Structures are given as C-alpha cells and as structure tokens.
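With PDB, C-alpha atoms inside, this is protein-v4.pdb:
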ATOM      1  CA  MET A  39     -27.873   3.776  -9.853
ATOM      2  CA  VAL A  40     -28.329   5.735 -13.087
ATOM      3  CA  ASN A  41     -30.749   8.027 -11.252
ATOM      4  CA  ASP A  42     -28.546   8.506  -8.166
ATOM      5  CA  GLU A  43     -26.976  11.917  -8.822
ATOM      6  CA  ASP A  44     -24.762  11.803  -5.719
ATOM      7  CA  LEU A  45     -23.335   8.435  -6.759
ATOM      8  CA  LEU A  46     -22.741   9.592 -10.319
ATOM      9  CA  GLN A  47     -20.932  12.667  -9.017
ATOM     10  CA  VAL A  48     -18.588  10.525  -6.895
ATOM     11  CA  VAL A  49     -17.975   8.157  -9.815
ATOM     12  CA  GLN A  50     -17.065  11.126 -12.027
ATOM     13  CA  MET A  51     -14.720  12.465  -9.356
ATOM     14  CA  LEU A  52     -13.045   9.052  -9.121
ATOM     15  CA  ASP A  53     -12.612   8.922 -12.890
ATOM     16  CA  ASP A  54     -11.093  12.410 -12.989
ATOM     17  CA  ALA A  55      -8.710  11.619 -10.113
ATOM     18  CA  CYS A  56      -7.564   8.291 -11.564
ATOM     19  CA  ARG A  57      -7.003   9.773 -15.028
ATOM     20  CA  GLU A  58      -5.361  13.039 -14.019
ATOM     21  CA  ALA A  59      -3.476  12.317 -10.805
ATOM     22  CA  GLY A  60      -3.559   8.655  -9.814
ATOM     23  CA  PHE A  61      -3.981   9.971  -6.244
ATOM     24  CA  PHE A  62      -6.977  11.197  -4.271
ATOM     25  CA  TYR A  63      -8.243  11.661  -0.715
ATOM     26  CA  VAL A  64     -11.133   9.672   0.715
ATOM     27  CA  LYS A  65     -13.330  11.094   3.484
ATOM     28  CA  GLY A  66     -16.698  10.097   4.908
ATOM     29  CA  HIS A  67     -15.477   6.497   4.776
ATOM     30  CA  GLY A  68     -16.974   5.329   8.078
ATOM     31  CA  ILE A  69     -13.679   4.489   9.824
ATOM     32  CA  ALA A  70     -13.357   6.527  13.000
ATOM     33  CA  GLU A  71     -10.573   9.100  13.063
ATOM     34  CA  SER A  72      -9.831   7.927  16.619
ATOM     35  CA  LEU A  73      -9.161   4.403  15.305
ATOM     36  CA  MET A  74      -6.874   5.736  12.586
ATOM     37  CA  LYS A  75      -4.893   7.609  15.238
ATOM     38  CA  GLU A  76      -4.817   4.625  17.591
ATOM     39  CA  VAL A  77      -3.263   2.484  14.844
ATOM     40  CA  ARG A  78      -0.571   5.113  14.254
ATOM     41  CA  ASP A  79       0.019   5.443  17.999
ATOM     42  CA  VAL A  80       0.599   1.717  18.625
ATOM     43  CA  THR A  81       2.867   1.633  15.589
ATOM     44  CA  GLN A  82       4.967   4.453  17.024
ATOM     45  CA  LYS A  83       5.072   2.743  20.435
ATOM     46  CA  PHE A  84       6.447  -0.393  18.816
ATOM     47  CA  PHE A  85       9.166   1.495  16.966
ATOM     48  CA  GLN A  86      10.176   3.177  20.245
ATOM     49  CA  LEU A  87      10.992  -0.228  21.773
ATOM     50  CA  PRO A  88      14.626  -1.315  22.194
ATOM     51  CA  TYR A  89      16.101  -2.797  19.027
ATOM     52  CA  GLU A  90      16.449  -6.227  20.682
ATOM     53  CA  GLU A  91      12.725  -6.275  21.417
ATOM     54  CA  LYS A  92      11.824  -5.374  17.838
ATOM     55  CA  LEU A  93      14.056  -8.165  16.552
ATOM     56  CA  LYS A  94      11.796 -10.723  18.244
ATOM     57  CA  ILE A  95       9.565 -10.438  15.171
ATOM     58  CA  LYS A  96      12.393 -10.024  12.651
ATOM     59  CA  MET A  97      11.505 -10.551   8.990
ATOM     60  CA  THR A  98      13.190 -13.572   7.427
ATOM     61  CA  PRO A  99      12.579 -15.814   4.414
ATOM     62  CA  GLN A 100      11.376 -18.436   6.933
ATOM     63  CA  SER A 101       8.625 -16.045   8.107
ATOM     64  CA  GLY A 102       7.339 -15.618   4.548
ATOM     65  CA  TYR A 103       8.887 -12.140   4.529
ATOM     66  CA  ARG A 104       6.587 -11.012   7.327
ATOM     67  CA  GLY A 105       7.773  -9.102  10.363
ATOM     68  CA  TYR A 106      10.142  -6.310  11.337
ATOM     69  CA  GLN A 107      12.645  -4.644   8.998
ATOM     70  CA  ARG A 108      15.315  -2.401  10.482
ATOM     71  CA  VAL A 109      16.280   0.932   8.898
ATOM     72  CA  GLY A 110      18.065   0.378   5.589
ATOM     73  CA  GLU A 111      16.816  -3.188   5.122
ATOM     74  CA  ASN A 112      14.244  -2.311   2.467
ATOM     75  CA  ILE A 113      15.432  -1.472  -1.044
ATOM     76  CA  THR A 114      13.685   0.617  -3.696
ATOM     77  CA  LYS A 115      15.214   0.746  -7.173
ATOM     78  CA  GLY A 116      18.518  -0.547  -5.806
ATOM     79  CA  LYS A 117      18.805   2.098  -3.071
ATOM     80  CA  LEU A 118      18.445   1.592   0.686
ATOM     81  CA  ASP A 119      15.349   3.185   2.226
ATOM     82  CA  MET A 120      15.652   5.143   5.449
ATOM     83  CA  HIS A 121      12.713   3.615   7.241
ATOM     84  CA  GLU A 122      11.875   0.722   9.522
ATOM     85  CA  ALA A 123       8.697  -1.288   9.105
ATOM     86  CA  ILE A 124       6.505  -4.216  10.023
ATOM     87  CA  ASP A 125       5.293  -6.068   6.935
ATOM     88  CA  CYS A 126       2.028  -8.019   7.129
ATOM     89  CA  TYR A 127       0.395 -10.110   4.392
ATOM     90  CA  THR A 128      -2.695 -12.208   3.938
ATOM     91  CA  PRO A 129      -1.788 -15.479   5.733
ATOM     92  CA  ILE A 130      -0.971 -18.303   3.301
ATOM     93  CA  GLU A 131      -1.203 -21.974   4.266
ATOM     94  CA  PRO A 132       1.402 -24.432   2.922
ATOM     95  CA  GLY A 133       0.297 -25.822  -0.439
ATOM     96  CA  LYS A 134      -2.135 -23.025  -1.225
ATOM     97  CA  TYR A 135      -1.497 -21.736  -4.750
ATOM     98  CA  GLY A 136       1.146 -24.471  -5.221
ATOM     99  CA  ASP A 137       4.697 -23.366  -6.000
ATOM    100  CA  LEU A 138       3.517 -19.855  -6.850
ATOM    101  CA  ALA A 139       3.229 -18.820  -3.205
ATOM    102  CA  LYS A 140       6.023 -20.899  -1.619
ATOM    103  CA  PRO A 141       8.186 -17.887  -0.660
ATOM    104  CA  MET A 142       5.174 -16.173   0.955
ATOM    105  CA  VAL A 143       3.830 -19.060   3.043
ATOM    106  CA  GLY A 144       3.272 -18.086   6.673
ATOM    107  CA  SER A 145       1.275 -16.090   9.203
ATOM    108  CA  ASN A 146       1.865 -12.582  10.481
ATOM    109  CA  LEU A 147       4.279 -11.907  13.332
ATOM    110  CA  TRP A 148       2.598  -9.684  15.892
ATOM    111  CA  PRO A 149       4.602  -8.086  18.718
ATOM    112  CA  LYS A 150       3.699  -8.802  22.332
ATOM    113  CA  TYR A 151       3.896  -5.102  23.091
ATOM    114  CA  PRO A 152       1.775  -3.040  22.792
ATOM    115  CA  SER A 153      -0.471  -5.783  24.147
ATOM    116  CA  ASN A 154      -3.488  -4.915  21.968
ATOM    117  CA  PHE A 155      -1.454  -4.732  18.760
ATOM    118  CA  ASP A 156      -2.734  -7.881  17.030
ATOM    119  CA  VAL A 157      -6.431  -7.439  17.874
ATOM    120  CA  LEU A 158      -6.354  -3.764  16.885
ATOM    121  CA  LEU A 159      -4.569  -4.343  13.583
ATOM    122  CA  GLU A 160      -6.664  -7.348  12.546
ATOM    123  CA  ASN A 161      -9.856  -5.340  13.101
ATOM    124  CA  TYR A 162      -8.407  -2.329  11.273
ATOM    125  CA  ILE A 163      -7.307  -4.457   8.316
ATOM    126  CA  SER A 164     -10.780  -6.008   8.075
ATOM    127  CA  LEU A 165     -12.351  -2.537   7.904
ATOM    128  CA  LEU A 166      -9.894  -1.398   5.237
ATOM    129  CA  ARG A 167     -10.583  -4.479   3.122
ATOM    130  CA  ASP A 168     -14.277  -3.584   3.137
ATOM    131  CA  LEU A 169     -13.582   0.074   2.369
ATOM    132  CA  SER A 170     -11.198  -0.813  -0.453
ATOM    133  CA  ARG A 171     -13.773  -3.122  -2.028
ATOM    134  CA  LYS A 172     -16.292  -0.265  -2.008
ATOM    135  CA  ILE A 173     -13.808   2.093  -3.667
ATOM    136  CA  MET A 174     -13.007  -0.524  -6.304
ATOM    137  CA  ARG A 175     -16.715  -0.849  -7.047
ATOM    138  CA  GLY A 176     -16.724   2.899  -7.677
ATOM    139  CA  ILE A 177     -13.636   2.610  -9.900
ATOM    140  CA  ALA A 178     -15.362  -0.147 -11.879
ATOM    141  CA  LEU A 179     -18.285   2.198 -12.538
ATOM    142  CA  ALA A 180     -15.879   5.029 -13.403
ATOM    143  CA  LEU A 181     -14.384   2.844 -16.126
ATOM    144  CA  GLY A 182     -17.847   2.064 -17.475
ATOM    145  CA  ALA A 183     -17.797  -1.521 -16.198
ATOM    146  CA  PRO A 184     -20.392  -3.384 -14.107
ATOM    147  CA  VAL A 185     -20.153  -2.561 -10.406
ATOM    148  CA  ASP A 186     -18.880  -6.073  -9.637
ATOM    149  CA  ALA A 187     -16.249  -6.138 -12.407
ATOM    150  CA  PHE A 188     -13.397  -6.727  -9.963
ATOM    151  CA  GLU A 189     -15.087  -9.633  -8.205
ATOM    152  CA  GLY A 190     -14.669 -13.267  -9.227
ATOM    153  CA  THR A 191     -11.327 -14.304 -10.691
ATOM    154  CA  THR A 192      -9.840 -10.785 -10.588
ATOM    155  CA  ALA A 193     -10.309  -9.716  -6.975
ATOM    156  CA  GLY A 194     -13.141 -11.760  -5.490
ATOM    157  CA  ASP A 195     -10.661 -13.098  -2.934
ATOM    158  CA  PRO A 196      -8.316 -10.105  -2.706
ATOM    159  CA  PHE A 197      -4.826 -10.467  -1.333
ATOM    160  CA  TRP A 198      -3.813  -7.661   1.001
ATOM    161  CA  VAL A 199      -0.569  -6.200   2.304
ATOM    162  CA  CYS A 200      -0.187  -3.858   5.272
ATOM    163  CA  ARG A 201       3.050  -2.003   5.994
ATOM    164  CA  LEU A 202       3.482  -0.130   9.268
ATOM    165  CA  ILE A 203       6.313   2.278   8.572
ATOM    166  CA  GLY A 204       8.465   4.538  10.715
ATOM    167  CA  TYR A 205      10.619   7.291   9.243
ATOM    168  CA  PRO A 206      13.351   8.428  11.639
ATOM    169  CA  VAL A 207      14.756  11.942  11.803
ATOM    170  CA  SER A 208      17.719  11.916   9.418
ATOM    171  CA  THR A 209      20.127  13.214  12.038
ATOM    172  CA  ASP A 210      19.332  10.158  14.193
ATOM    173  CA  ILE A 211      20.796   7.866  11.517
ATOM    174  CA  PRO A 212      24.594   7.407  11.350
ATOM    175  CA  GLU A 213      25.915   9.582   8.537
ATOM    176  CA  GLU A 214      27.443   6.682   6.619
ATOM    177  CA  GLN A 215      24.025   4.961   6.506
ATOM    178  CA  ARG A 216      21.932   7.946   5.394
ATOM    179  CA  THR A 217      20.273   8.333   2.027
ATOM    180  CA  ASP A 218      18.141  11.217   0.850
ATOM    181  CA  THR A 219      14.815   9.350   0.852
ATOM    182  CA  GLY A 220      12.769   7.536   3.455
ATOM    183  CA  CYS A 221      11.346   5.518   0.565
ATOM    184  CA  GLY A 222      12.521   5.887  -3.022
ATOM    185  CA  ALA A 223      10.319   6.780  -5.977
ATOM    186  CA  HIS A 224       8.068   3.898  -7.028
ATOM    187  CA  THR A 225       4.592   2.834  -8.050
ATOM    188  CA  ASP A 226       2.588   0.288  -6.064
ATOM    189  CA  TYR A 227       2.067  -3.311  -7.173
ATOM    190  CA  GLY A 228      -1.648  -3.925  -6.850
ATOM    191  CA  LEU A 229      -5.004  -2.297  -7.440
ATOM    192  CA  LEU A 230      -5.408   0.311  -4.694
ATOM    193  CA  THR A 231      -3.438   1.713  -1.744
ATOM    194  CA  LEU A 232      -4.863   3.509   1.307
ATOM    195  CA  VAL A 233      -2.389   5.509   3.409
ATOM    196  CA  ASN A 234      -3.033   6.555   6.994
ATOM    197  CA  GLN A 235      -0.328   9.160   7.692
ATOM    198  CA  ASP A 236       0.556  11.433  10.598
ATOM    199  CA  ASP A 237      -1.660  14.517  10.608
ATOM    200  CA  ASP A 238       1.024  17.166  10.926
ATOM    201  CA  ILE A 239       4.107  16.042   8.966
ATOM    202  CA  CYS A 240       4.464  16.561   5.203
ATOM    203  CA  ALA A 241       6.678  13.839   3.749
ATOM    204  CA  LEU A 242       4.739  11.895   1.099
ATOM    205  CA  GLU A 243       5.550  13.372  -2.310
ATOM    206  CA  VAL A 244       3.803  12.716  -5.628
ATOM    207  CA  ARG A 245       5.193  13.351  -9.133
ATOM    208  CA  ASN A 246       2.691  15.535 -10.993
ATOM    209  CA  GLN A 247       2.147  15.885 -14.739
ATOM    210  CA  SER A 248       4.686  18.726 -14.863
ATOM    211  CA  ASP A 249       7.334  16.359 -13.447
ATOM    212  CA  GLU A 250       7.365  18.257 -10.146
ATOM    213  CA  TRP A 251       7.374  16.628  -6.729
ATOM    214  CA  ILE A 252       4.443  17.930  -4.677
ATOM    215  CA  TYR A 253       3.291  17.014  -1.170
ATOM    216  CA  ALA A 254       0.254  14.852  -0.531
ATOM    217  CA  LYS A 255      -0.448  16.995   2.502
ATOM    218  CA  PRO A 256      -2.093  15.278   5.467
ATOM    219  CA  ILE A 257      -5.802  15.987   5.909
ATOM    220  CA  PRO A 258      -6.980  14.648   9.289
ATOM    221  CA  GLY A 259      -9.527  11.857   9.078
ATOM    222  CA  THR A 260      -8.826  11.065   5.416
ATOM    223  CA  PHE A 261      -6.944   8.309   3.630
ATOM    224  CA  VAL A 262      -4.586   9.201   0.824
ATOM    225  CA  CYS A 263      -5.399   6.721  -1.963
ATOM    226  CA  ASN A 264      -3.459   5.820  -5.068
ATOM    227  CA  ILE A 265      -3.860   3.282  -7.832
ATOM    228  CA  GLY A 266      -1.327   0.577  -8.679
ATOM    229  CA  ASP A 267       0.245  -1.506 -11.422
ATOM    230  CA  MET A 268      -2.512  -4.130 -11.668
ATOM    231  CA  LEU A 269      -5.162  -1.483 -12.347
ATOM    232  CA  LYS A 270      -2.962  -0.040 -15.106
ATOM    233  CA  VAL A 271      -2.812  -3.451 -16.798
ATOM    234  CA  TRP A 272      -6.523  -4.240 -16.272
ATOM    235  CA  SER A 273      -7.613  -0.856 -17.687
ATOM    236  CA  ASN A 274      -5.103  -1.061 -20.583
ATOM    237  CA  GLY A 275      -3.505   2.152 -19.408
ATOM    238  CA  ILE A 276      -6.658   4.258 -19.084
ATOM    239  CA  TYR A 277      -5.605   4.670 -15.453
ATOM    240  CA  GLN A 278      -1.893   5.044 -14.744
ATOM    241  CA  PRO A 279      -0.164   4.691 -11.351
ATOM    242  CA  THR A 280       1.832   7.721 -10.257
ATOM    243  CA  LEU A 281       5.400   7.800  -8.976
ATOM    244  CA  HIS A 282       5.631   8.734  -5.318
ATOM    245  CA  ARG A 283       8.281   8.797  -2.606
ATOM    246  CA  VAL A 284       8.792   9.742   1.033
ATOM    247  CA  VAL A 285      11.273  12.358   2.214
ATOM    248  CA  ASN A 286      11.076  13.097   5.945
ATOM    249  CA  ASN A 287      12.749  16.466   6.479
ATOM    250  CA  SER A 288      10.766  16.982   9.662
ATOM    251  CA  PRO A 289      12.583  17.199  13.016
ATOM    252  CA  ARG A 290      10.189  14.513  14.280
ATOM    253  CA  TYR A 291       9.738  10.781  13.766
ATOM    254  CA  ARG A 292       6.974  10.077  11.216
ATOM    255  CA  VAL A 293       4.562   7.132  11.104
ATOM    256  CA  SER A 294       2.561   5.930   8.129
ATOM    257  CA  VAL A 295       0.366   2.836   7.803
ATOM    258  CA  ALA A 296      -0.127   1.767   4.192
ATOM    259  CA  PHE A 297      -2.779  -0.791   3.221
ATOM    260  CA  PHE A 298      -2.485  -2.379  -0.215
ATOM    261  CA  TYR A 299      -5.602  -3.942  -1.738
ATOM    262  CA  GLU A 300      -4.570  -6.398  -4.415
ATOM    263  CA  SER A 301      -6.116  -8.804  -6.872
ATOM    264  CA  ASN A 302      -6.500 -12.505  -6.088
ATOM    265  CA  PHE A 303      -3.026 -13.912  -5.433
ATOM    266  CA  ASP A 304      -3.297 -16.283  -8.409
ATOM    267  CA  ALA A 305      -5.139 -13.854 -10.691
ATOM    268  CA  ALA A 306      -3.880 -13.571 -14.259
ATOM    269  CA  VAL A 307      -4.467  -9.860 -14.846
ATOM    270  CA  GLU A 308      -4.662  -8.615 -18.416
ATOM    271  CA  PRO A 309      -6.352  -5.753 -20.281
ATOM    272  CA  VAL A 310     -10.086  -6.412 -20.337
ATOM    273  CA  GLU A 311     -11.932  -6.300 -23.646
ATOM    274  CA  PHE A 312     -13.992  -3.163 -23.114
ATOM    275  CA  CYS A 313     -10.883  -1.220 -22.006
ATOM    276  CA  ARG A 314      -8.987  -2.465 -25.066
ATOM    277  CA  GLU A 315     -11.857  -1.294 -27.275
ATOM    278  CA  ARG A 316     -11.610   2.180 -25.733
ATOM    279  CA  THR A 317      -7.856   2.377 -26.318
ATOM    280  CA  GLY A 318      -7.405   1.411 -29.961
ATOM    281  CA  GLY A 319      -8.350  -2.257 -29.772
ATOM    282  CA  VAL A 320      -4.855  -3.532 -28.924
ATOM    283  CA  ALA A 321      -3.603  -4.759 -25.551
ATOM    284  CA  LYS A 322      -0.799  -2.449 -24.392
ATOM    285  CA  TYR A 323       0.330  -4.763 -21.600
ATOM    286  CA  GLU A 324       1.009  -8.470 -21.354
ATOM    287  CA  LYS A 325      -0.799 -10.729 -18.943
ATOM    288  CA  VAL A 326       0.609 -10.530 -15.377
ATOM    289  CA  VAL A 327       0.110 -13.176 -12.693
ATOM    290  CA  TYR A 328      -0.188 -11.066  -9.564
ATOM    291  CA  GLY A 329       1.495 -13.561  -7.221
ATOM    292  CA  GLU A 330       4.547 -13.790  -9.489
ATOM    293  CA  HIS A 331       4.711 -10.000  -9.683
ATOM    294  CA  LEU A 332       4.517  -9.679  -5.881
ATOM    295  CA  VAL A 333       7.075 -12.392  -5.106
ATOM    296  CA  GLN A 334       9.556 -10.872  -7.554
ATOM    297  CA  LYS A 335       9.152  -7.433  -5.951
ATOM    298  CA  VAL A 336       9.420  -8.777  -2.395
ATOM    299  CA  LEU A 337      12.607 -10.706  -3.153
ATOM    300  CA  THR A 338      14.108  -7.710  -4.962
ATOM    301  CA  ASN A 339      13.289  -5.256  -2.170
ATOM    302  CA  PHE A 340      14.608  -7.343   0.722
ATOM    303  CA  VAL A 341      18.181  -7.391   1.972
ATOM    304  CA  MET A 342      19.367  -9.515   4.888
TER     305      MET A 342
END
Could you write out this file's structure as structure tokens?
Amino acid sequence: MVNDEDLLQVVQMLDDACREAGFFYVKGHGIAESLMKEVRDVTQKFFQLPYEEKLKIKMTPQSGYRGYQRVGENITKGKLDMHEAIDCYTPIEPGKYGDLAKPMVGSNLWPKYPSNFDVLLENYISLLRDLSRKIMRGIALALGAPVDAFEGTTAGDPFWVCRLIGYPVSTDIPEEQRTDTGCGAHTDYGLLTLVNQDDDICALEVRNQSDEWIYAKPIPGTFVCNIGDMLKVWSNGIYQPTLHRVVNNSPRYRVSVAFFYESNFDAAVEPVEFCRERTGGVAKYEKVVYGEHLVQKVLTNFVM
C-alpha cells in the first residue's frame, strides 16, 4: 500500500477532512445512484400514508425503540424536532449482551406498504455496512494505524442504526407545535455516519470553524459523511465530530436516510495508545461503553 499513490492520496484527503471539517462527501462508492433514489422514494411513499397506517409500526419501549416516530416525538437537547422517522437498529436477541442491551432488544418493524420496503432496506443496509467498513479502514490508515485497527473488539461486529427521516414543510405543522429546526444541533454517537439526502433541497447545516452554519449541499450520487463521538474518544481528540442540524425552509417535503456505523455494541472505547502518544501522552477522554452511551441517548431523545 505504501507504493499505491492513489490510495495514499485518498488517505491524505480523509485525514484532512476529518481534522478540518469532520464532514466530507464520498463518491465512486459502488452503490448505484438509482438505488439511493429508490430508498428515498419508498421512504417518502411511507410518510405519505395516512397517520393511522403509519402507527401500525409505532415506536414503543416494547419494540426496542424501533419503528415510527410522529413529528415532534424525537427530542434533541431538550427541544422537539420537527420531523417524523422510522428508526431501525441491528436486531438484538433476548439475553445478548446481558442487561446492557435490555432496552434495545427486538427486531425491526417494517411497514407492509410499500410492499418491497423490507427487502429493499435490508439490502441497502448491507451495502452501507460494507462501504462504511471500507471507509473506516481508510480512516485507520489516515490516523497512522494498521488498516484493520477498527476490527476485533472495537468494531469487528459493528452495531448499526438507520433512520429514515421526513421533514415536513413548516406551514403544514400546526403553529403551536412548530419549532425552528427539523433536527436540533448535535453530534452523532458512533464512528461514522452516511447520509443519503434529497438531491435538490438544502437543509443539512454544518457548524464550521468560524462558528457559522453552512449548508452541506446535496451532490447527486454522493453520501455526506461525518464522524462521531466514538471516533473522537478512540483518536483522543485528533478527530473531532462537528455540530450539525437540519432546517427545512424549502416549500417541499424533504427526505433523508441516515446510516450510522458504530462500534461493537459492548465495546469499551477509549483513547488508543498511539493516539495518546501523538497528543501529549495523556488520555483526554474516559472509557465509554458504546451500548451504555447509545441506550442513554435513545432514552433521552424519546418522548411518548
């Protein structure tokens, strides 16, 4: 790999993006643009269904917090978000991970309509898992680690989350229920996020180093990628996640499908030695058990 100039160039670009922005676009990833659009299209078709139909897969604690959330049911930093969503997680069997995963036990709730929803999404998620693993191998190299540094006990059996999100036009929401953001400012929990967003609506905003909110403008056929909290801890702060939010000022309904590639559910993530050595020799962050981190966030962000 040392002699592969194209690879080294990509690794350098990844390092620059993770250090300077925490966000980047990925193209040439091998996932057909037609498939990306089909996933957004079936998501929009679901959200166009009558409310009673959508409630057939309603998210509850009994479902392991999987399923449909109505507008205003998700909370970010104590504020209601103006979006609806279907939340999907890696299925967890009872007893797996012991008490750690009890609140998240369950399988995903797929709607009966559109009829191809489950098959399409399961295939799409499988492809994004593979793509995410490849990107993480590049990030490992960018940090100066072995290419397989995130395998094994860190992310050899990665947990994943997929959120299919719909952002209504603000004027379609009763005035007393409106807030100014479709999703409030936050960083993501895990290692890496891949966002498949509508091609022609600017709504995803990123906080830059000048403390300005700028658009992550859609580029057809690309994924918008950003790094998360677990990578910050693992790298001892060499890579920092970036605040981002969604504000849909468009006169049209917006769809976004976000895939979150995480560490192993039971991984104890802490600053690795070679990253500590590069940052003064002292761990800047305490050890975090990913599953505990996720469960806390899920319970905090959910309102019945």
Neighbours of segment 260-273 of chain A within 7 Å (all atoms listed in the file; same-chain residues fewer than 4 positions away dropped), as a short mmCIF file (atom, residue, chain, number, x, y, z; two decimals) with C-alpha atoms, in the coordinates of the input?
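Saved as part.cif:
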data_model
loop_
_atom_site.label_atom_id
_atom_site.label_comp_id
_atom_site.auth_asym_id
_atom_site.auth_seq_id
_atom_site.Cartn_x
_atom_site.Cartn_y
_atom_site.Cartn_z
CA GLY A 60 -3.56 8.65 -9.81
CA PHE A 61 -3.98 9.97 -6.24
CA PHE A 62 -6.98 11.20 -4.27
CA TYR A 63 -8.24 11.66 -0.72
CA VAL A 64 -11.13 9.67 0.72
CA LYS A 65 -13.33 11.09 3.48
CA THR A 225 4.59 2.83 -8.05
CA ASP A 226 2.59 0.29 -6.06
CA TYR A 227 2.07 -3.31 -7.17
CA GLY A 228 -1.65 -3.92 -6.85
CA LEU A 229 -5.00 -2.30 -7.44
CA LEU A 230 -5.41 0.31 -4.69
CA THR A 231 -3.44 1.71 -1.74
CA LEU A 232 -4.86 3.51 1.31
CA VAL A 233 -2.39 5.51 3.41
CA ASN A 234 -3.03 6.56 6.99
CA TYR A 277 -5.60 4.67 -15.45
CA GLN A 278 -1.89 5.04 -14.74
CA PRO A 279 -0.16 4.69 -11.35
CA VAL A 307 -4.47 -9.86 -14.85
CA GLU A 308 -4.66 -8.62 -18.42
CA PRO A 309 -6.35 -5.75 -20.28
CA VAL A 310 -10.09 -6.41 -20.34
CA CYS A 313 -10.88 -1.22 -22.01
CA TYR A 323 0.33 -4.76 -21.60
#
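Among the candidates A:Pro129, A:Gly116, A:Gly190, A:Gly68, the residue lying nearest to Asn302 of chain A is A:Gly190 (atoms considered: all atoms listed in the file).
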Legend entry - Non-local contacts of segment 240-247 of chain A (10 Å; only C-alpha atoms; under 5 positions in same chain excluded) as a list in words: Glu58, Ala59, Gly60, Phe61, Tyr205, Thr219, Gly220, Cys221, Ala223, His224, Val233, Gln235, Ile252, Tyr253, Ala254, Lys255, Pro256, Val262, Thr280, Leu281, His282, Arg283, Val284, Val285, Asn286, Asn287, Ser288, Arg292 and Ser294 of chain A
Inset, instruction - Taking the file above as input, evaluate the PyMOL selection byres ((chain A and resi 118-124) around 7) and report the hits as number ranges by chain. - result: A: 105-114, 116-117, 125-126, 201-206, 216-217, 219-222
For the selection just defined, write its residues with C-alpha atoms to a file, as a compact mmCIF listing (two decimals), in the frame of the given file.
# COMPACT_ATOMS: atom_id res chain seq x y z
CA GLY A 105 7.77 -9.10 10.36
CA TYR A 106 10.14 -6.31 11.34
CA GLN A 107 12.64 -4.64 9.00
CA ARG A 108 15.32 -2.40 10.48
CA VAL A 109 16.28 0.93 8.90
CA GLY A 110 18.07 0.38 5.59
CA GLU A 111 16.82 -3.19 5.12
CA ASN A 112 14.24 -2.31 2.47
CA ILE A 113 15.43 -1.47 -1.04
CA THR A 114 13.68 0.62 -3.70
CA GLY A 116 18.52 -0.55 -5.81
CA LYS A 117 18.80 2.10 -3.07
CA ASP A 125 5.29 -6.07 6.94
CA CYS A 126 2.03 -8.02 7.13
CA ARG A 201 3.05 -2.00 5.99
CA LEU A 202 3.48 -0.13 9.27
CA ILE A 203 6.31 2.28 8.57
CA GLY A 204 8.46 4.54 10.72
CA TYR A 205 10.62 7.29 9.24
CA PRO A 206 13.35 8.43 11.64
CA ARG A 216 21.93 7.95 5.39
CA THR A 217 20.27 8.33 2.03
CA THR A 219 14.82 9.35 0.85
CA GLY A 220 12.77 7.54 3.46
CA CYS A 221 11.35 5.52 0.56
CA GLY A 222 12.52 5.89 -3.02
Legend entry - Residues in the PyMOL selection byres ((chain A and resi 329) around 8), expressed as a PyMOL selection string: chain A and resi 138-139+303-305+327-328+330-333
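Going from atom CA of Gly66 of chain A over to atom CA of Val185 of chain A, you cover 20.2 Å.
Closest approach to Gln47 of chain A from the set A:Pro149, A:Gly176, A:Pro88, A:Gly259 is made by A:Gly176, with distances taken over only C-alpha atoms.
What separates atom CA of Ser208 of chain A from atom CA of Tyr89 of chain A is a distance of 17.6 Å.
Between Pro258 of chain A and the residues A:Asp156, A:Arg314, A:Lys172, A:Asp237, the shortest atom-to-atom distance, using only C-alpha atoms, involves A:Asp237.
You will find atom CA of Ala180 of chain A at 5.1 Å from atom CA of Asp53 of chain A.
Once the PyMOL selection byres ((chain A and resi 151) around 9) is applied to the depicted file, the selected set reads Val80, Lys83, Phe84, Leu87, Trp148, Pro149, Lys150, Pro152, Ser153, Asn154 and Phe155 of chain A.
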Inset, instruction - Have a look at A:Arg57, A:Gln50, A:Ile173, A:Val293 and name the one nearest to Lys75 of chain A; count all atoms listed in the file. - result: A:Val293
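You can rank A:Ala183, A:Met142, A:Ala193, A:Ile257 by their closest distance to Arg167 of chain A using all atoms listed in the file, and at the top of that list sits A:Ala193.
Comparing the minimum interatomic distances between Lys140 of chain A and each of A:Leu165, A:Arg78, A:Ser101, A:Ser170, counting all atoms listed in the file, we find that A:Ser101 sits nearest.
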